[in-house]
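Raw contents of query.cif, mmCIF, C-alpha atoms and all ligand atoms:
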data_target
loop_
_atom_site.label_atom_id
_atom_site.label_comp_id
_atom_site.auth_asym_id
_atom_site.auth_seq_id
_atom_site.Cartn_x
_atom_site.Cartn_y
_atom_site.Cartn_z
CA MET A 1 50.31 33.07 97.59
CA LYS A 2 49.32 30.63 100.32
CA GLY A 3 52.37 31.65 102.39
CA PHE A 4 51.36 35.27 101.98
CA SER A 5 47.81 34.74 103.24
CA ILE A 6 49.01 32.81 106.30
CA LEU A 7 51.35 35.70 107.12
CA ALA A 8 48.64 38.26 106.52
CA GLY A 9 46.30 36.28 108.77
CA LEU A 10 48.92 36.17 111.51
CA ALA A 11 49.40 39.91 111.24
CA MET A 12 45.65 40.42 111.58
CA VAL A 13 45.57 38.26 114.74
CA LEU A 14 48.46 40.22 116.21
CA PHE A 15 46.88 43.57 115.38
CA SER A 16 43.47 42.62 116.71
CA ALA A 17 45.10 41.31 119.93
CA THR A 18 46.19 44.89 120.58
CA GLY A 19 42.86 46.38 119.53
CA LEU A 20 44.32 47.66 116.24
CA ARG A 21 43.48 46.61 112.73
CA ALA A 22 46.10 46.34 110.05
CA GLN A 23 43.86 47.98 107.46
CA ASP A 24 43.68 51.11 109.63
CA SER A 25 47.43 51.60 109.60
CA ILE A 26 48.35 55.08 108.46
CA PRO A 27 50.30 55.67 105.24
CA THR A 28 53.01 58.21 105.99
CA LYS A 29 55.33 60.25 103.82
CA GLY A 30 58.70 61.32 105.13
CA PHE A 31 62.41 61.66 104.52
CA ALA A 32 64.94 59.05 105.53
CA ALA A 33 68.67 58.56 105.66
CA PHE A 34 69.53 55.16 104.20
CA ASP A 35 73.03 54.90 105.62
CA GLU A 36 75.46 56.82 107.81
CA THR A 37 76.41 59.26 105.04
CA GLY A 38 73.24 61.19 105.88
CA VAL A 39 71.88 61.72 102.37
CA PHE A 40 68.10 62.11 102.61
CA LYS A 41 65.55 60.71 100.20
CA PRO A 42 61.74 60.56 100.27
CA TYR A 43 60.52 57.50 102.15
CA ASP A 44 56.98 56.15 102.51
CA PHE A 45 56.01 53.91 105.41
CA ASN A 46 53.02 53.03 107.62
CA ARG A 47 52.33 53.97 111.20
CA HIS A 48 50.08 51.86 113.42
CA ALA A 49 46.42 52.82 113.64
CA VAL A 50 45.36 55.27 116.34
CA GLY A 51 44.69 53.29 119.55
CA ASP A 52 42.10 54.13 122.18
CA ASP A 53 44.60 56.12 124.28
CA GLU A 54 46.39 57.70 121.35
CA ILE A 55 46.25 60.76 119.13
CA GLN A 56 47.26 61.31 115.52
CA ILE A 57 49.16 64.52 114.84
CA GLU A 58 49.46 66.12 111.43
CA ILE A 59 53.05 67.35 111.64
CA LEU A 60 53.50 70.98 110.70
CA TYR A 61 57.06 71.69 111.90
CA SER A 62 60.00 69.49 112.76
CA GLY A 63 63.31 70.72 114.20
CA ILE A 64 66.74 69.39 113.28
CA CYS A 65 68.67 68.62 116.48
CA HIS A 66 72.37 67.79 116.52
CA SER A 67 71.34 64.46 118.08
CA ASP A 68 69.65 63.68 114.74
CA LEU A 69 73.06 64.03 113.09
CA HIS A 70 74.70 61.84 115.75
CA ASN A 71 72.03 59.17 115.22
CA VAL A 72 72.08 59.24 111.43
CA HIS A 73 75.88 59.11 111.38
CA GLY A 74 75.91 56.20 113.87
CA ASP A 75 78.05 58.26 116.28
CA TRP A 76 76.81 56.46 119.39
CA ARG A 77 75.91 52.93 118.23
CA LYS A 78 75.40 50.79 115.18
CA GLU A 79 72.14 51.96 113.64
CA GLU A 80 69.44 50.26 111.64
CA TYR A 81 68.45 52.08 108.42
CA PRO A 82 66.39 53.68 106.97
CA ILE A 83 66.05 56.30 109.70
CA VAL A 84 63.44 59.06 109.59
CA PRO A 85 64.82 61.39 112.30
CA GLY A 86 63.01 64.15 114.17
CA HIS A 87 62.17 64.52 117.86
CA GLU A 88 61.21 68.18 117.89
CA ILE A 89 57.71 67.84 116.51
CA ALA A 90 54.83 70.35 116.47
CA GLY A 91 51.53 69.86 114.72
CA LYS A 92 47.79 69.66 114.85
CA VAL A 93 45.69 66.86 116.37
CA VAL A 94 43.61 65.29 113.60
CA LYS A 95 42.28 62.18 115.36
CA VAL A 96 41.81 61.06 118.97
CA GLY A 97 41.22 57.60 120.43
CA LYS A 98 38.04 57.03 122.42
CA ASN A 99 39.74 57.21 125.86
CA VAL A 100 41.68 60.41 125.16
CA THR A 101 40.91 63.29 127.54
CA LYS A 102 43.91 65.64 127.25
CA PHE A 103 43.46 66.50 123.55
CA LYS A 104 40.70 67.21 121.10
CA VAL A 105 40.81 67.43 117.32
CA GLY A 106 42.22 70.82 116.30
CA ASP A 107 44.50 71.25 119.33
CA TYR A 108 48.21 71.80 118.79
CA ALA A 109 50.40 68.98 120.08
CA GLY A 110 54.09 68.29 120.37
CA VAL A 111 56.31 65.21 120.54
CA GLY A 112 59.79 65.18 122.04
CA CYS A 113 62.44 62.48 122.37
CA ILE A 114 60.47 59.66 124.01
CA ILE A 115 57.07 58.11 123.31
CA ASN A 116 56.82 55.49 126.06
CA SER A 117 58.58 53.87 129.02
CA CYS A 118 58.11 50.86 131.32
CA HIS A 119 55.60 52.46 133.75
CA GLU A 120 56.94 50.25 136.57
CA CYS A 121 60.42 51.38 137.62
CA ASP A 122 61.06 53.98 140.31
CA PHE A 123 61.80 56.62 137.66
CA CYS A 124 58.47 56.02 135.91
CA LYS A 125 56.57 55.95 139.21
CA ASN A 126 58.14 59.23 140.30
CA GLY A 127 57.48 61.25 137.15
CA GLN A 128 61.02 60.87 135.81
CA GLU A 129 60.21 58.48 132.99
CA HIS A 130 62.93 60.03 130.81
CA TYR A 131 65.47 58.17 132.99
CA CYS A 132 63.67 54.80 132.71
CA SER A 133 66.04 52.26 131.16
CA ASN A 134 63.27 51.07 128.84
CA THR A 135 62.15 54.29 127.21
CA VAL A 136 60.91 54.02 123.63
CA SER A 137 62.56 56.65 121.45
CA THR A 138 60.53 58.72 119.01
CA TYR A 139 62.60 57.28 116.16
CA HIS A 140 65.33 54.70 115.49
CA ASP A 141 63.79 52.35 118.03
CA HIS A 142 61.35 49.44 118.17
CA ASP A 143 58.06 49.95 119.98
CA PRO A 144 57.24 46.94 122.19
CA TYR A 145 53.73 48.33 122.75
CA HIS A 146 53.00 48.10 119.01
CA ASN A 147 54.26 44.72 117.86
CA ASN A 148 57.83 45.99 117.90
CA GLU A 149 57.04 48.43 115.10
CA ARG A 150 60.07 50.42 114.02
CA THR A 151 59.68 54.00 115.27
CA GLN A 152 60.24 56.75 112.71
CA GLY A 153 60.41 60.43 113.59
CA GLY A 154 59.15 63.86 112.70
CA TYR A 155 60.63 64.47 109.26
CA SER A 156 57.28 63.14 108.07
CA ASN A 157 53.66 64.20 107.73
CA ASN A 158 52.12 62.52 110.78
CA TYR A 159 52.79 60.90 114.13
CA VAL A 160 50.74 58.58 116.34
CA ILE A 161 51.43 58.72 120.07
CA SER A 162 49.87 57.90 123.43
CA GLU A 163 48.33 61.06 124.87
CA ASP A 164 50.40 60.55 128.05
CA TYR A 165 53.64 61.20 126.15
CA ALA A 166 52.39 64.06 123.97
CA ILE A 167 52.61 67.72 124.95
CA LEU A 168 49.73 70.14 124.66
CA ILE A 169 51.00 73.23 122.83
CA PRO A 170 49.15 76.41 123.85
CA GLN A 171 46.92 77.78 121.08
CA ASN A 172 48.71 81.15 121.16
CA ALA A 173 52.16 79.61 120.57
CA ASP A 174 54.25 80.68 117.59
CA LEU A 175 54.04 77.28 115.95
CA SER A 176 56.93 77.76 113.53
CA ARG A 177 59.31 78.32 116.45
CA VAL A 178 57.83 76.05 119.10
CA ALA A 179 59.11 72.67 117.83
CA PRO A 180 62.73 73.01 119.08
CA LEU A 181 61.42 73.60 122.59
CA LEU A 182 60.50 69.89 122.65
CA CYS A 183 64.21 69.01 122.84
CA ALA A 184 66.60 71.99 122.83
CA GLY A 185 64.23 73.87 125.15
CA ILE A 186 63.51 71.25 127.78
CA THR A 187 67.10 69.91 127.75
CA THR A 188 68.39 73.27 128.93
CA TYR A 189 65.37 74.36 131.00
CA SER A 190 65.52 71.22 133.15
CA PRO A 191 69.13 71.40 134.45
CA ILE A 192 68.97 75.19 134.88
CA LYS A 193 65.98 74.65 137.15
CA PHE A 194 67.57 71.65 138.88
CA ALA A 195 70.71 73.69 139.63
CA GLY A 196 68.59 76.46 141.17
CA VAL A 197 70.12 79.28 139.13
CA LYS A 198 68.90 82.66 140.34
CA ALA A 199 69.14 86.35 139.46
CA GLY A 200 72.68 87.68 139.71
CA ASP A 201 74.37 84.25 139.45
CA LYS A 202 77.40 84.14 137.21
CA VAL A 203 76.85 81.41 134.66
CA GLY A 204 78.54 79.97 131.57
CA VAL A 205 77.07 78.40 128.44
CA ALA A 206 79.61 76.29 126.55
CA GLY A 207 78.55 75.59 122.96
CA PHE A 208 76.28 78.26 121.46
CA GLY A 209 74.18 76.29 118.98
CA GLY A 210 70.57 75.10 119.19
CA LEU A 211 70.73 74.12 122.86
CA GLY A 212 73.15 76.87 123.86
CA TYR A 213 70.86 79.53 122.40
CA MET A 214 67.94 78.29 124.51
CA ALA A 215 70.16 78.11 127.62
CA VAL A 216 71.15 81.76 127.16
CA ARG A 217 67.48 82.75 126.75
CA TYR A 218 66.38 80.95 129.94
CA LEU A 219 69.37 82.18 131.95
CA LYS A 220 68.93 85.79 130.88
CA HIS A 221 65.23 85.56 131.69
CA LEU A 222 66.21 84.52 135.23
CA GLY A 223 68.49 87.54 135.49
CA ALA A 224 71.79 85.67 135.48
CA ASN A 225 75.08 87.16 134.28
CA VAL A 226 75.93 85.05 131.22
CA THR A 227 79.23 84.19 129.55
CA VAL A 228 79.02 82.31 126.25
CA PHE A 229 81.79 80.01 125.00
CA ASP A 230 81.98 79.01 121.33
CA LEU A 231 84.46 78.34 118.57
CA THR A 232 83.69 81.13 116.19
CA GLU A 233 83.62 84.91 115.87
CA ASP A 234 80.37 84.67 113.87
CA LYS A 235 78.25 84.38 116.99
CA ARG A 236 79.82 87.09 119.17
CA GLY A 237 77.21 89.65 118.08
CA ASP A 238 74.35 87.19 118.56
CA ALA A 239 75.39 86.55 122.16
CA ALA A 240 75.48 90.30 122.82
CA ASN A 241 72.06 90.73 121.21
CA LEU A 242 70.65 88.19 123.67
CA GLY A 243 72.12 90.18 126.53
CA ALA A 244 75.10 87.95 127.33
CA GLU A 245 77.65 89.94 129.31
CA ARG A 246 80.67 88.19 127.80
CA TYR A 247 81.62 86.08 124.81
CA VAL A 248 84.67 83.84 124.82
CA ASN A 249 86.07 82.49 121.59
CA VAL A 250 87.66 79.31 122.94
CA THR A 251 90.12 79.17 120.05
CA ASN A 252 91.75 82.31 121.45
CA PRO A 253 93.83 81.24 124.52
CA ASP A 254 93.96 84.80 125.86
CA GLU A 255 90.17 84.94 126.16
CA MET A 256 90.18 81.73 128.23
CA LYS A 257 92.48 83.30 130.84
CA GLY A 258 91.35 84.68 134.21
CA LEU A 259 88.10 82.73 134.39
CA ASP A 260 89.00 80.14 137.08
CA ASN A 261 86.85 80.14 140.26
CA THR A 262 84.31 82.60 138.85
CA PHE A 263 81.09 80.76 137.89
CA ASP A 264 78.15 79.51 139.96
CA PHE A 265 76.91 77.30 137.13
CA ILE A 266 78.09 76.15 133.72
CA ILE A 267 76.10 74.14 131.18
CA SER A 268 78.03 72.37 128.44
CA THR A 269 76.22 71.59 125.20
CA ILE A 270 79.46 70.88 123.31
CA PRO A 271 78.98 67.98 120.85
CA THR A 272 82.69 67.36 120.14
CA ASN A 273 85.87 66.54 122.07
CA TYR A 274 86.99 69.13 124.67
CA ASP A 275 88.41 69.32 128.17
CA PRO A 276 85.56 69.35 130.75
CA ILE A 277 88.06 69.89 133.58
CA GLN A 278 89.02 73.24 132.10
CA TYR A 279 85.41 74.34 132.64
CA MET A 280 85.09 72.74 136.07
CA LYS A 281 88.04 74.78 137.25
CA MET A 282 86.10 77.89 136.29
CA LEU A 283 83.45 77.11 138.93
CA LYS A 284 83.44 78.81 142.30
CA TRP A 285 83.63 76.71 145.46
CA ASN A 286 80.49 74.52 145.47
CA GLY A 287 79.61 75.58 141.91
CA GLN A 288 77.84 73.20 139.57
CA MET A 289 78.45 72.08 136.03
CA CYS A 290 75.93 70.20 133.93
CA ILE A 291 76.83 68.23 130.84
CA VAL A 292 74.15 67.80 128.18
CA GLY A 293 76.24 67.67 124.99
CA ILE A 294 77.04 64.12 123.91
CA PRO A 295 80.08 63.84 121.62
CA SER A 296 80.39 60.81 119.34
CA ASN A 297 82.05 57.69 120.78
CA GLU A 298 85.17 58.51 118.76
CA ASP A 299 85.28 62.07 120.08
CA MET A 300 84.33 61.32 123.71
CA PRO A 301 86.37 63.32 126.25
CA THR A 302 88.01 61.42 129.09
CA ILE A 303 88.49 62.86 132.56
CA SER A 304 91.45 62.09 134.82
CA MET A 305 90.36 60.88 138.30
CA ARG A 306 93.34 62.73 139.76
CA SER A 307 91.97 66.04 138.51
CA PHE A 308 88.87 65.60 140.71
CA ILE A 309 90.88 65.80 143.96
CA GLY A 310 91.35 69.59 144.12
CA MET A 311 87.86 70.23 142.79
CA ALA A 312 86.82 72.34 145.79
CA ASP A 313 83.45 70.63 146.31
CA ARG A 314 82.36 71.57 142.83
CA ARG A 315 79.71 69.28 141.41
CA LEU A 316 79.42 67.75 137.97
CA PHE A 317 76.12 66.28 136.80
CA GLY A 318 74.55 65.14 133.57
CA SER A 319 71.02 65.66 132.36
CA ARG A 320 68.84 63.98 129.76
CA ILE A 321 65.98 65.97 128.19
CA GLY A 322 63.29 66.30 130.91
CA SER A 323 60.22 64.44 132.07
CA ILE A 324 56.93 64.72 130.22
CA PRO A 325 55.37 66.91 132.98
CA GLU A 326 58.47 69.11 133.04
CA THR A 327 58.41 69.37 129.24
CA GLN A 328 54.80 70.56 129.47
CA GLU A 329 55.90 73.07 132.10
CA ALA A 330 58.81 74.28 129.92
CA ILE A 331 56.57 74.73 126.88
CA ASN A 332 53.98 76.69 128.87
CA TYR A 333 56.70 78.81 130.50
CA SER A 334 58.43 79.52 127.18
CA VAL A 335 55.24 80.48 125.34
CA GLU A 336 54.05 82.62 128.24
CA ASN A 337 57.37 84.48 128.42
CA ASN A 338 57.93 84.63 124.65
CA ILE A 339 61.11 82.53 124.89
CA TYR A 340 61.63 80.87 121.52
CA PRO A 341 64.61 79.69 119.50
CA GLU A 342 65.87 81.63 116.50
CA VAL A 343 65.04 79.38 113.56
CA GLU A 344 65.75 79.02 109.86
CA ILE A 345 62.75 77.44 108.19
CA ILE A 346 63.41 75.09 105.27
CA PRO A 347 60.89 73.35 103.01
CA ALA A 348 60.20 69.61 103.27
CA ASP A 349 62.68 68.65 100.60
CA ALA A 350 65.28 65.87 100.69
CA GLU A 351 68.10 67.96 99.24
CA LYS A 352 67.42 70.85 101.61
CA ILE A 353 67.51 68.52 104.62
CA THR A 354 70.79 66.96 103.44
CA GLU A 355 72.23 70.46 102.98
CA ALA A 356 71.01 71.49 106.43
CA TYR A 357 72.88 68.55 107.98
CA ASP A 358 76.12 69.72 106.36
CA LYS A 359 75.55 73.21 107.68
CA VAL A 360 74.82 72.06 111.24
CA ARG A 361 77.99 69.97 111.16
CA ASP A 362 79.97 72.98 109.93
CA GLY A 363 78.45 75.36 112.47
CA LYS A 364 76.67 77.39 109.79
CA VAL A 365 73.16 77.55 111.27
CA LYS A 366 71.61 80.28 113.35
CA PHE A 367 70.42 78.64 115.44
CA ARG A 368 68.04 75.82 114.59
CA TYR A 369 66.76 74.46 111.29
CA VAL A 370 63.06 73.74 111.33
CA ILE A 371 61.45 71.82 108.47
CA ASP A 372 58.07 73.17 107.38
CA MET A 373 56.36 69.79 107.02
CA SER A 374 53.16 71.40 105.79
CA THR A 375 54.85 71.83 102.42
CA LEU A 376 54.96 68.00 102.24
CA ASN A 377 51.31 67.66 103.22
CA LYS A 378 50.40 69.91 100.29
CA SER A 379 52.54 68.05 97.73
P1 LIG N 1 74.58 72.47 117.65
O1 LIG N 1 75.44 71.88 116.61
O2 LIG N 1 73.39 73.28 117.28
O3 LIG N 1 75.45 73.34 118.67
C1 LIG N 1 76.69 72.94 119.17
C2 LIG N 1 77.52 74.20 119.38
O4 LIG N 1 78.72 73.83 120.07
C3 LIG N 1 77.92 74.86 118.07
O5 LIG N 1 77.71 76.25 118.18
C4 LIG N 1 79.40 74.55 117.98
O6 LIG N 1 80.14 75.51 117.32
C5 LIG N 1 79.79 74.53 119.45
N1 LIG N 1 81.05 73.86 119.72
C6 LIG N 1 81.57 72.76 119.12
N2 LIG N 1 82.74 72.42 119.68
C7 LIG N 1 82.97 73.34 120.66
C8 LIG N 1 84.03 73.54 121.59
N3 LIG N 1 85.06 72.70 121.65
N4 LIG N 1 83.93 74.58 122.43
C9 LIG N 1 82.88 75.42 122.41
N5 LIG N 1 81.85 75.28 121.55
C10 LIG N 1 81.91 74.25 120.68
O7 LIG N 1 74.11 71.22 118.57
P2 LIG N 1 72.83 71.13 119.55
O8 LIG N 1 72.79 72.31 120.39
O9 LIG N 1 71.65 70.69 118.78
O10 LIG N 1 73.26 69.84 120.42
C11 LIG N 1 74.40 69.90 121.25
C12 LIG N 1 74.70 68.55 121.86
O11 LIG N 1 73.70 68.24 122.81
C13 LIG N 1 74.72 67.38 120.88
O12 LIG N 1 75.79 66.52 121.22
C14 LIG N 1 73.40 66.69 121.11
O13 LIG N 1 73.42 65.33 120.78
C15 LIG N 1 73.25 66.89 122.61
N6 LIG N 1 71.90 66.76 123.10
C16 LIG N 1 71.74 66.22 124.34
C17 LIG N 1 70.50 66.08 124.89
C18 LIG N 1 70.35 65.55 126.25
O14 LIG N 1 69.24 65.11 126.60
N7 LIG N 1 71.37 65.57 127.08
C19 LIG N 1 69.29 66.47 124.15
C20 LIG N 1 69.58 67.13 122.89
C21 LIG N 1 70.84 67.24 122.39
P3 LIG N 1 80.15 75.59 115.72
O15 LIG N 1 78.73 75.79 115.32
O16 LIG N 1 80.96 76.76 115.41
O17 LIG N 1 80.69 74.28 115.24
ZN ZN N 2 67.36 66.68 120.34
#
Now, as a test, write the supplied structure out as structure tokens.
Amino acid sequence: MKGFSILAGLAMVLFSATGLRAQDSIPTKGFAAFDETGVFKPYDFNRHAVGDDEIQIEILYSGICHSDLHNVHGDWRKEEYPIVPGHEIAGKVVKVGKNVTKFKVGDYAGVGCIINSCHECDFCKNGQEHYCSNTVSTYHDHDPYHNNERTQGGYSNNYVISEDYAILIPQNADLSRVAPLLCAGITTYSPIKFAGVKAGDKVGVAGFGGLGYMAVRYLKHLGANVTVFDLTEDKRGDAANLGAERYVNVTNPDEMKGLDNTFDFIISTIPTNYDPIQYMKMLKWNGQMCIVGIPSNEDMPTISMRSFIGMADRRLFGSRIGSIPETQEAINYSVENNIYPEVEIIPADAEKITEAYDKVRDGKVKFRYVIDMSTLNKS
């Protein structure tokens, strides 16, 4: 008992040193994976109390990104469990700290992949905090600004975040479809803008899932001529419905023929092993290819240095989500132009989330699962 009270006292000192009080910590309900098999179960935990510069969001919708699967399955590193995933978060502001100016109670707010960064490096100073080497991830991380608290994501009923890293969602947004814009949206919007794609450009989208769908929407909105590459016949009609001029089933070698030297820009969202050089060869002279898909370590493609020597000044670049200001820009742009993902809404239920993971892995989702977290708030 004595040991317990000393520990509790220490915790109180630590909390009060940061202006937070342990008793104000926020009980949270969510769903966690307890190991790499990705079976979800209900999981209760506490979030830190709302600080002076922070807001509390009642989560209403949370998207399921393929990165959530990679993280839960430990595809990129050894993970610490339990993990409550979710970095495509949309909800309502229910509390604001006393210094908060960007939000008021009742506003809609979003959270993407990062919730803080170092504030000191060149990236942070130049509004590119998403490339800071000390970003704090929305989940499966430890938050050095809050006593190293374990971060847990959006498959839960609330989130607490600094206003600087939260996104203001316009009041007229379609809230059930807005959440995936916080990752799938910005991750494709950003490199398309960076590459300077313009009307009439011939462009390719490799991998037509959650990210690929958004890429096609943005590219068509710009007036580009779009070719979609995917593994299955199931999505040929969907690509046509979005206005894509061509659909290539990459499992059919004949459809892959005759495409070399034809594209101004290609974005690859492919999450598995493939040959990036095959796509680079499809670029025109000086064309650009952006890689955003991140296969697991075991499935990671390798590129031969030799193959770069006849690359005709084509450029290959990578891109990670987007900055907080650019995410705000992408959300405003998408809502204004009615550019949303196609979503399948599922209830906040452990079995349904587990099932959704299997379907994403098997390519059986059109095009993004979104968990209706409000069903958890009501339970
Ligand atoms: P999805 O699973 O929704 O979509 C992936 C799509 O790629 C599916 O349609 C899949 O087909 C297709 N595909 C798989 N293999 C191939 C192949 N060899 N050739 C063509 N198409 C293929 O995933 P997301 O869109 O959510 O995510 C995609 C990737 O992007 C993930 O690796 C994710 O981690 C990464 N990502 C990166 C970010 C960044 O900042 N750079 C941010 C967010 C995500 P099928 O469905 O038939 O299997
Ligand atoms: Zn994501």
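The nearest approach to Asn134 of chain A among the residues A:Ser268, A:Asn116, A:Thr187, A:Asn147, with all atoms listed in the file taken into account, belongs to A:Asn116.
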Report as a tab-separated table the residues of chain A within 7 Å of ligand ZN 2 (chain N), each with its shortest atom pair and distance in Å (one decimal), using all atoms listed in the file, ordered by chain and increasing residue number.
residue	atom	partner	partner_atom	distance
A:Cys65	CA	N:ZN2	ZN	4.5
A:His66	CA	N:ZN2	ZN	6.4
A:Ser67	CA	N:ZN2	ZN	5.1
A:Asp68	CA	N:ZN2	ZN	6.8
A:His87	CA	N:ZN2	ZN	6.1
A:Glu88	CA	N:ZN2	ZN	6.8
A:Cys113	CA	N:ZN2	ZN	6.8
A:Cys183	CA	N:ZN2	ZN	4.6
A:Ala184	CA	N:ZN2	ZN	5.9
Worksheet entry | Contacts of ligand LIG 1 (chain N), 8 Å or closer, all atoms listed in the file, given as a PyMOL selection string | chain A and resi 64-70+183-184+187+206-213+229-232+249-250+269-274+291-296+318-322+360-365+367-368
Worksheet entry | Two-atom distance - atom CA of Gly106 of chain A, atom CA of His130 of chain A (Å) | 27.5 Å
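Coordinates place atom CA of Lys104 of chain A at a distance of 24.3 Å from atom CA of Val136 of chain A.
Considering the residues A:Asp238, A:Asp75, A:Asp313, A:Asp53 and counting only C-alpha atoms, Val100 of chain A has its shortest atom-to-atom contact with A:Asp53.
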Item to complete: Tell me, as a list in words, which residues lie within 8 Å of Val93 of chain A, counting only C-alpha atoms; anything in the same chain fewer than 6 positions away does not count.
Response: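 Selected residues are Ile55, Gln56, Ile57, Glu58, Phe103, Lys104, Val105, Gly106, Asp107, Tyr108 and Ala109 of chain A.
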Worksheet item: Which distance in Å separates atom CA of Ser25 of chain A and atom CA of Gly86 of chain A, to one decimal?
Response: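 Separation of atom CA of Ser25 of chain A and atom CA of Gly86 of chain A: 20.5 Å.
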Fill in: Of the listed residues A:Thr28, A:Ser133, A:Thr262, A:Ser176, that which approaches Asp44 of chain A most closely, counting all atoms listed in the file
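Between A:Thr28, A:Ser133, A:Thr262, A:Ser176, the residue approaching Asp44 of chain A most closely is A:Thr28.
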Item to complete: Excluding segment 152-163 of chain A and residues on its chain fewer than 2 positions from it, collect all residues at most 8 Å away from it, counting all atoms listed in the file, and give them as a VMD selection string.
Response: chain A and resid 28 to 32 47 to 51 53 to 60 62 83 to 89 100 102 to 103 115 to 116 138 to 141 150 165 to 167 348 371 373 to 374 376 to 377
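Among the candidates A:Val72, A:Val228, A:Val335, A:Met214, the residue lying nearest to Met256 of chain A is A:Val228 (atoms considered: only C-alpha atoms).
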Practice prompt. Skip Val39 of chain A itself and residues of its chain fewer than 3 positions away, then list as number ranges by chain all residues within 8 Å of it, counting all atoms listed in the file.
Written response: A: 33-35, 350-351, 354
May I ask you to restore N, CA and C atoms in segment 297-309 of chain A and write the result as a PDB file, keeping the file's coordinate frame?
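Contents of result_13.pdb, as written:
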ATOM      1  N   ASN A 297      81.169  58.613 120.040  1.00  0.00           N
ATOM      2  CA  ASN A 297      82.050  57.690 120.780  1.00  0.00           C
ATOM      3  C   ASN A 297      83.514  57.970 120.452  1.00  0.00           C
ATOM      4  N   GLU A 298      83.777  58.265 119.186  1.00  0.00           N
ATOM      5  CA  GLU A 298      85.170  58.510 118.760  1.00  0.00           C
ATOM      6  C   GLU A 298      85.739  59.800 119.338  1.00  0.00           C
ATOM      7  N   ASP A 299      84.855  60.738 119.636  1.00  0.00           N
ATOM      8  CA  ASP A 299      85.280  62.070 120.080  1.00  0.00           C
ATOM      9  C   ASP A 299      85.071  62.278 121.583  1.00  0.00           C
ATOM     10  N   MET A 300      84.763  61.192 122.312  1.00  0.00           N
ATOM     11  CA  MET A 300      84.330  61.320 123.710  1.00  0.00           C
ATOM     12  C   MET A 300      85.485  61.777 124.606  1.00  0.00           C
ATOM     13  N   PRO A 301      85.313  62.885 125.339  1.00  0.00           N
ATOM     14  CA  PRO A 301      86.370  63.320 126.250  1.00  0.00           C
ATOM     15  C   PRO A 301      86.579  62.306 127.382  1.00  0.00           C
ATOM     16  N   THR A 302      87.781  62.236 127.896  1.00  0.00           N
ATOM     17  CA  THR A 302      88.010  61.420 129.090  1.00  0.00           C
ATOM     18  C   THR A 302      88.475  62.368 130.204  1.00  0.00           C
ATOM     19  N   ILE A 303      88.145  61.994 131.435  1.00  0.00           N
ATOM     20  CA  ILE A 303      88.490  62.860 132.560  1.00  0.00           C
ATOM     21  C   ILE A 303      89.440  62.097 133.487  1.00  0.00           C
ATOM     22  N   SER A 304      90.522  62.726 133.896  1.00  0.00           N
ATOM     23  CA  SER A 304      91.450  62.090 134.820  1.00  0.00           C
ATOM     24  C   SER A 304      90.874  62.120 136.238  1.00  0.00           C
ATOM     25  N   MET A 305      90.866  60.955 136.913  1.00  0.00           N
ATOM     26  CA  MET A 305      90.360  60.880 138.300  1.00  0.00           C
ATOM     27  C   MET A 305      91.166  61.820 139.202  1.00  0.00           C
ATOM     28  N   ARG A 306      92.466  61.897 138.931  1.00  0.00           N
ATOM     29  CA  ARG A 306      93.340  62.730 139.760  1.00  0.00           C
ATOM     30  C   ARG A 306      92.878  64.185 139.778  1.00  0.00           C
ATOM     31  N   SER A 307      92.344  64.626 138.596  1.00  0.00           N
ATOM     32  CA  SER A 307      91.970  66.040 138.510  1.00  0.00           C
ATOM     33  C   SER A 307      90.784  66.370 139.411  1.00  0.00           C
ATOM     34  N   PHE A 308      90.024  65.338 139.842  1.00  0.00           N
ATOM     35  CA  PHE A 308      88.870  65.600 140.710  1.00  0.00           C
ATOM     36  C   PHE A 308      89.292  65.972 142.127  1.00  0.00           C
ATOM     37  N   ILE A 309      90.461  65.564 142.546  1.00  0.00           N
ATOM     38  CA  ILE A 309      90.880  65.800 143.960  1.00  0.00           C
ATOM     39  C   ILE A 309      91.097  67.297 144.191  1.00  0.00           C
TER      40      ILE A 309
END
